[in-house]
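One file, final-v2.cif, is given below (mmCIF, C-alpha atoms).
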```cif
data_entry
loop_
_atom_site.label_atom_id
_atom_site.label_comp_id
_atom_site.auth_asym_id
_atom_site.auth_seq_id
_atom_site.Cartn_x
_atom_site.Cartn_y
_atom_site.Cartn_z
CA MET A 1 2.69 14.50 6.73
CA GLN A 2 4.41 11.93 8.95
CA ILE A 3 8.09 11.32 8.09
CA LEU A 4 9.27 7.74 8.67
CA PHE A 5 12.81 8.01 7.29
CA GLU A 6 14.89 10.79 5.76
CA ASP A 7 18.44 11.33 4.56
CA ASN A 8 20.08 12.90 1.52
CA HIS A 9 19.10 9.95 -0.70
CA CYS A 10 15.65 8.77 0.44
CA LEU A 11 12.46 10.04 2.01
CA ALA A 12 9.76 7.74 3.40
CA VAL A 13 6.39 8.95 4.64
CA ASN A 14 3.17 7.51 6.01
CA LYS A 15 0.57 8.15 3.28
CA PRO A 16 -2.91 9.01 4.49
CA ALA A 17 -5.87 7.63 2.57
CA PRO A 18 -7.47 8.70 0.23
CA LEU A 19 -4.55 10.87 -0.93
CA LEU A 20 -3.04 9.97 -4.31
CA THR A 21 0.64 9.00 -4.30
CA GLN A 22 1.26 10.94 -7.51
CA ALA A 23 -1.07 13.11 -9.60
CA PRO A 24 -1.18 15.57 -12.52
CA PRO A 25 -0.62 19.27 -11.75
CA GLY A 26 -3.44 20.84 -9.78
CA ILE A 27 -4.52 17.63 -8.04
CA PRO A 28 -3.27 17.11 -4.45
CA SER A 29 -0.80 14.27 -4.04
CA LEU A 30 1.68 12.87 -1.54
CA ALA A 31 4.56 13.51 -3.95
CA ASP A 32 3.72 17.21 -4.17
CA MET A 33 3.43 17.44 -0.38
CA ALA A 34 6.83 15.77 -0.02
CA LYS A 35 8.39 18.15 -2.55
CA ALA A 36 6.95 21.16 -0.72
CA TYR A 37 8.32 19.82 2.57
CA LEU A 38 11.81 19.34 1.13
CA LYS A 39 11.78 22.70 -0.60
CA GLU A 40 10.96 24.48 2.65
CA ARG A 41 13.27 22.43 4.87
CA CYS A 42 16.23 22.68 2.47
CA ARG A 43 15.40 26.31 1.56
CA LYS A 44 15.57 25.58 -2.16
CA THR A 45 14.48 28.23 -4.63
CA GLY A 46 14.25 25.97 -7.70
CA ASN A 47 12.51 22.70 -8.42
CA VAL A 48 12.93 19.76 -6.05
CA TYR A 49 13.67 16.33 -7.53
CA LEU A 50 11.67 13.42 -6.16
CA GLY A 51 11.66 9.94 -7.69
CA VAL A 52 8.61 7.71 -7.22
CA PRO A 53 9.75 4.05 -7.41
CA HIS A 54 6.41 2.64 -6.17
CA ARG A 55 2.86 3.72 -5.30
CA LEU A 56 -0.07 2.85 -3.07
CA ASP A 57 -3.69 2.74 -4.20
CA ARG A 58 -5.64 5.89 -3.37
CA PRO A 59 -7.83 4.32 -0.60
CA VAL A 60 -4.82 2.59 1.01
CA SER A 61 -2.62 4.13 3.73
CA GLY A 62 0.93 3.38 4.81
CA VAL A 63 4.62 3.45 3.89
CA VAL A 64 5.66 5.17 0.66
CA LEU A 65 9.33 5.46 -0.25
CA PHE A 66 10.65 8.31 -2.42
CA ALA A 67 14.09 8.87 -3.94
CA ARG A 68 15.88 12.21 -3.65
CA SER A 69 18.31 11.74 -6.57
CA THR A 70 18.23 10.12 -9.98
CA LYS A 71 20.87 7.57 -8.91
CA SER A 72 18.81 6.57 -5.87
CA ALA A 73 15.64 6.44 -7.97
CA GLN A 74 17.24 4.05 -10.45
CA ARG A 75 18.61 1.74 -7.77
CA LEU A 76 15.38 1.68 -5.77
CA SER A 77 13.32 1.02 -8.91
CA GLU A 78 15.59 -1.93 -9.69
CA GLN A 79 14.97 -3.30 -6.19
CA PHE A 80 11.19 -3.05 -6.58
CA GLN A 81 11.27 -4.60 -10.04
CA GLY A 82 13.60 -7.35 -8.85
CA ARG A 83 11.37 -8.17 -5.86
CA GLN A 84 14.17 -7.31 -3.43
CA VAL A 85 11.90 -5.08 -1.35
CA THR A 86 9.83 -6.74 1.39
CA LYS A 87 6.40 -5.16 1.81
CA THR A 88 4.04 -6.06 4.64
CA TYR A 89 0.38 -5.00 4.72
CA TRP A 90 -2.30 -5.18 7.38
CA GLY A 91 -5.88 -5.62 6.28
CA VAL A 92 -9.23 -6.13 7.95
CA LEU A 93 -11.18 -8.75 6.01
CA GLU A 94 -14.88 -9.43 6.36
CA GLY A 95 -15.57 -12.84 7.89
CA SER A 96 -13.48 -15.53 9.56
CA ILE A 97 -10.44 -16.64 7.58
CA ALA A 98 -9.16 -20.21 7.45
CA PRO A 99 -6.57 -21.62 7.64
CA ALA A 100 -4.70 -19.27 9.96
CA SER A 101 -1.82 -18.86 7.52
CA GLY A 102 -0.94 -19.86 4.01
CA VAL A 103 -0.21 -18.87 0.42
CA TRP A 104 -2.63 -17.47 -2.14
CA GLU A 105 -1.92 -17.85 -5.84
CA ASP A 106 -4.15 -16.48 -8.59
CA TRP A 107 -3.92 -15.31 -12.17
CA LEU A 108 -5.09 -11.72 -12.50
CA ARG A 109 -5.74 -9.36 -15.38
CA LYS A 110 -6.88 -5.77 -15.65
CA VAL A 111 -10.45 -5.26 -16.81
CA ALA A 112 -10.40 -3.29 -20.07
CA ASP A 113 -11.28 0.40 -19.68
CA GLU A 114 -11.89 0.01 -15.93
CA ALA A 115 -9.77 0.68 -12.84
CA ARG A 116 -10.15 -2.82 -11.45
CA VAL A 117 -8.74 -6.33 -11.75
CA GLU A 118 -10.33 -9.77 -12.10
CA THR A 119 -9.16 -13.34 -11.67
CA THR A 120 -8.76 -15.43 -14.78
CA ALA A 121 -7.45 -18.76 -16.02
CA PRO A 122 -3.72 -19.38 -16.43
CA GLY A 123 -2.68 -18.60 -19.97
CA ALA A 124 -5.56 -16.20 -20.62
CA GLU A 125 -4.73 -13.04 -22.49
CA GLY A 126 -3.24 -10.47 -20.12
CA ALA A 127 -3.08 -12.92 -17.21
CA ARG A 128 -0.29 -12.40 -14.67
CA LEU A 129 0.52 -14.57 -11.67
CA ALA A 130 -0.19 -13.05 -8.25
CA ARG A 131 1.24 -14.69 -5.14
CA LEU A 132 1.25 -13.70 -1.48
CA THR A 133 1.63 -15.20 1.97
CA TYR A 134 -0.65 -14.31 4.85
CA ARG A 135 -1.19 -14.94 8.55
CA ILE A 136 -4.08 -14.08 10.85
CA LEU A 137 -3.20 -11.57 13.56
CA GLY A 138 -6.53 -11.90 15.37
CA PRO A 139 -10.24 -11.13 15.32
CA CYS A 140 -11.47 -7.55 15.37
CA GLN A 141 -14.75 -5.69 15.17
CA GLY A 142 -16.50 -6.70 11.96
CA GLY A 143 -13.88 -9.13 10.71
CA THR A 144 -10.35 -10.49 10.96
CA LEU A 145 -7.03 -8.65 11.06
CA VAL A 146 -4.63 -10.26 8.60
CA GLU A 147 -0.99 -9.62 7.72
CA PHE A 148 -0.01 -9.96 4.05
CA THR A 149 3.40 -10.22 2.39
CA PRO A 150 3.02 -10.00 -1.40
CA GLU A 151 5.63 -11.79 -3.47
CA THR A 152 4.40 -10.09 -6.64
CA GLY A 153 3.29 -6.52 -7.20
CA ARG A 154 0.08 -6.73 -9.20
CA MET A 155 -2.57 -4.02 -9.37
CA HIS A 156 -5.07 -4.34 -6.48
CA GLN A 157 -3.51 -7.74 -5.71
CA ILE A 158 -4.41 -8.13 -2.03
CA ARG A 159 -7.85 -6.63 -2.58
CA VAL A 160 -8.92 -8.95 -5.39
CA GLN A 161 -7.26 -12.08 -3.99
CA ALA A 162 -9.08 -11.62 -0.68
CA ALA A 163 -12.42 -10.82 -2.33
CA THR A 164 -12.17 -13.83 -4.64
CA ARG A 165 -12.11 -16.07 -1.56
CA GLY A 166 -15.18 -14.40 -0.07
CA TRP A 167 -13.31 -12.16 2.38
CA PRO A 168 -13.24 -8.65 0.89
CA VAL A 169 -11.25 -5.88 2.56
CA ARG A 170 -13.58 -3.91 4.78
CA GLY A 171 -14.81 -0.77 3.02
CA ASP A 172 -13.71 -1.99 -0.42
CA ALA A 173 -17.05 -1.75 -2.24
CA LEU A 174 -15.26 -2.09 -5.60
CA TYR A 175 -14.60 -5.73 -4.73
CA GLY A 176 -17.83 -6.55 -2.91
CA ALA A 177 -17.32 -5.35 0.66
CA ARG A 178 -20.57 -5.00 2.60
CA LEU A 179 -19.25 -3.27 5.72
CA PRO A 180 -18.10 0.37 5.69
CA PHE A 181 -14.76 1.65 6.95
CA GLY A 182 -13.66 5.10 8.03
CA PRO A 183 -15.58 8.36 7.85
CA ASP A 184 -18.54 8.86 5.53
CA ALA A 185 -17.57 10.18 2.11
CA GLN A 186 -19.77 11.90 -0.43
CA PHE A 187 -17.62 10.94 -3.41
CA GLU A 188 -16.23 7.51 -4.32
CA ARG A 189 -12.71 8.93 -4.60
CA ASP A 190 -12.80 9.97 -0.94
CA ARG A 191 -13.65 6.55 0.46
CA ILE A 192 -10.98 4.57 2.27
CA ILE A 193 -10.51 0.86 2.88
CA ALA A 194 -9.05 -1.15 5.76
CA LEU A 195 -5.74 -1.87 4.05
CA HIS A 196 -2.49 -0.39 5.36
CA ALA A 197 1.09 -0.72 4.08
CA ARG A 198 2.47 -1.53 7.52
CA SER A 199 6.19 -1.91 6.81
CA LEU A 200 8.75 -1.85 4.04
CA THR A 201 12.32 -3.20 4.03
CA PHE A 202 14.79 -2.13 1.35
CA LEU A 203 18.53 -1.79 0.79
CA HIS A 204 19.80 1.75 1.08
CA PRO A 205 20.64 2.83 -2.49
CA ILE A 206 24.11 4.12 -1.55
CA ARG A 207 25.20 2.23 1.58
CA TYR A 208 23.34 -1.02 0.70
CA GLU A 209 22.38 -1.63 4.32
CA PRO A 210 18.88 -2.99 5.03
CA ILE A 211 16.40 -0.45 6.36
CA THR A 212 12.93 -1.26 7.71
CA MET A 213 10.27 1.41 8.13
CA THR A 214 7.02 0.85 10.01
CA ALA A 215 3.96 3.07 9.59
CA PRO A 216 1.60 3.61 12.54
CA LEU A 217 -2.06 2.86 11.90
CA PRO A 218 -4.48 5.68 11.03
CA ALA A 219 -7.09 6.75 13.57
CA ALA A 220 -9.91 4.95 11.70
CA TRP A 221 -8.44 1.59 12.73
CA ARG A 222 -8.94 2.36 16.41
CA GLU A 223 -12.69 2.36 15.80
CA LEU A 224 -12.33 -1.38 15.12
CA GLY A 225 -10.42 -1.88 18.37
CA ILE A 226 -7.02 -2.20 16.68
CA GLU A 227 -3.93 -0.50 18.09
CA SER A 228 -0.49 -0.90 16.48
CA GLU A 229 1.31 -1.63 19.73
CA GLN A 230 -1.15 -4.37 20.69
CA VAL A 231 -0.41 -6.50 17.62
CA GLN A 232 2.69 -8.65 17.31
#
```
Would you give me this structure, written as structure tokens?
Amino acid sequence: MQILFEDNHCLAVNKPAPLLTQAPPGIPSLADMAKAYLKERCRKTGNVYLGVPHRLDRPVSGVVLFARSTKSAQRLSEQFQGRQVTKTYWGVLEGSIAPASGVWEDWLRKVADEARVETTAPGAEGARLARLTYRILGPCQGGTLVEFTPETGRMHQIRVQAATRGWPVRGDALYGARLPFGPDAQFERDRIIALHARSLTFLHPIRYEPITMTAPLPAAWRELGIESEQVQ
């Protein structure tokens, strides 16, 4: 587990895909790994508190921020809910994207009894506005490397907004991707997609100073000719 930031109030780590951020007892998760790390490092004999103010989808890698106290958890949750946290994602999309930068707005709703989202008309039952900005970082093997900054935090937002425009995230078969990504996986739950939570900026819950954390890219991205230090 790669630690990106740690103090007495917060812990940020680089989540590998396809690990769950949080899970019921008995199922491996990033939260349980983080608790085990803190318990060993702090030599605690009892339970370790860890607040989870946000999550990443299972097949997505990148920055996840945890809270180490109830006060920090409350304040960080308020930042996420109030859209005070800046999240930047990198994604490899199939095809050539145009224009080179812009804004995507869609109305999304969860499909009943399924773990996926669809676009819908404004005003439709369950519809919620999804908005993000994007810019092309450059071409890569099998597609285009794009940087996304979501302004809203909808389920599968980047994935469905990209796929709706004909540029699915590579490896994301749920939303129509044709090209694979990462190692072969026997089970659907073990498949990963080319979407990475690259950086996250938040206000420290006690000192209120801005902190930015950047997560290095997983090894699978190098197979597409992408290296973190080569991209500006």
Exercise. When you draw a straight line from CA of Gln84 in chain A to CA of Gln157 in chain A, how long is it in Å?
Worked result: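 We find that CA of Gln84 in chain A and CA of Gln157 in chain A lie 17.8 Å from each other.
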Exercise. Between A:Leu93, A:Val60, A:Val111, A:Leu30, which one has atoms that come closest to Ile3 in chain A, using all atoms listed in the file?
Worked result: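 Among the listed residues, A:Leu30 lies closest to Ile3 in chain A.
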Exercise. Which one of A:Arg191, A:His9, A:Arg159, A:Arg55 sits closest to Gln74 in chain A if you count all atoms listed in the file?
Worked result: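 The answer is A:His9, which sits nearest to Gln74 in chain A.
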Exercise. Which is closer to Glu223 in chain A than all the others in A:Gly182, A:Gly171, A:Pro18, A:Pro139, using all atoms listed in the file?
Worked result: A:Gly182
Problem set entry | 9 Å contact set for Ala17 in chain A, only C-alpha atoms, chain neighbours under 4 positions out, as JSON, numbers by chain | {"A": [57, 58, 59, 60, 61, 62, 190, 191, 192, 193, 218]}
Exercise. Could you name the residues that touch Lys87 in chain A at 12 Å or less, counting all atoms listed in the file, but leaving out those on the same chain fewer than 4 positions away, as a VMD selection string?
Worked result: chain A and resid 54 to 56 62 to 65 79 to 80 83 132 to 134 147 to 153 158 196 to 202 211 to 215
Problem set entry | Distance in Å - CA of Arg131 in chain A versus CA of Ser101 in chain A |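 The value is 13.7 Å.
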Problem set entry | Distance criterion (all atoms listed in the file): nearest to Gly166 in chain A out of A:Pro183, A:Gly95, A:Gly51, A:Gly82 |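 Using all atoms listed in the file, the shortest distance to Gly166 in chain A belongs to A:Gly95.
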Problem set entry | Contacts of Thr70 in chain A at 12 Å (only C-alpha atoms; same-chain gap of 5+ positions) as an MDAnalysis selection string | chainID A and resid 8:10 48:53 75:77 205:206
For this session: Find the residue from A:Pro216, A:Glu188, A:Gly46, A:Ala124 that sits nearest to Tyr89 in chain A; use all atoms listed in the file when measuring.
Result: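 Closest candidate: A:Pro216.
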For this session: Could you tell me which of A:Leu129, A:Arg189, A:Leu217, A:Ala73 comes closest to Leu20 in chain A if we count only C-alpha atoms?
Result: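 Checking each of A:Leu129, A:Arg189, A:Leu217, A:Ala73 against Leu20 in chain A, counting only C-alpha atoms, the winner is A:Arg189.
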Exercise. Suppose you want the space between CA of Ala127 in chain A and CA of Thr21 in chain A; what is it in Å?
Worked result: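 Those two atoms sit 25.7 Å apart.
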Written as a PDB file with C-alpha atoms, keeping the file's coordinate frame, what is the full residue list that the PyMOL selection byres ((chain A and resi 143) around 9) yields on the file shown?
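Done, and the output landed in result_30.pdb:
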```
ATOM      1  CA  VAL A  92      -9.230  -6.130   7.950  1.00  0.00           C
ATOM      2  CA  LEU A  93     -11.180  -8.750   6.010  1.00  0.00           C
ATOM      3  CA  GLU A  94     -14.880  -9.430   6.360  1.00  0.00           C
ATOM      4  CA  GLY A  95     -15.570 -12.840   7.890  1.00  0.00           C
ATOM      5  CA  SER A  96     -13.480 -15.530   9.560  1.00  0.00           C
ATOM      6  CA  ILE A  97     -10.440 -16.640   7.580  1.00  0.00           C
ATOM      7  CA  PRO A 139     -10.240 -11.130  15.320  1.00  0.00           C
ATOM      8  CA  CYS A 140     -11.470  -7.550  15.370  1.00  0.00           C
ATOM      9  CA  GLN A 141     -14.750  -5.690  15.170  1.00  0.00           C
ATOM     10  CA  GLY A 142     -16.500  -6.700  11.960  1.00  0.00           C
ATOM     11  CA  THR A 144     -10.350 -10.490  10.960  1.00  0.00           C
ATOM     12  CA  LEU A 145      -7.030  -8.650  11.060  1.00  0.00           C
ATOM     13  CA  TRP A 167     -13.310 -12.160   2.380  1.00  0.00           C
ATOM     14  CA  ARG A 170     -13.580  -3.910   4.780  1.00  0.00           C
TER      15      ARG A 170
END
```
For this session: Starting from the point (-3.9, -14.5, -19.2), work out which residues of protein, DNA or RNA have an atom no more than 12 Å away when counting all atoms listed in the file; state them as a list in words.
Result: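 Checked against the point, the hits come out as Asp106, Trp107, Leu108, Arg109, Lys110, Val111, Glu118, Thr119, Thr120, Ala121, Pro122, Gly123, Ala124, Glu125, Gly126, Ala127, Arg128, Leu129 and Ala130 of chain A.
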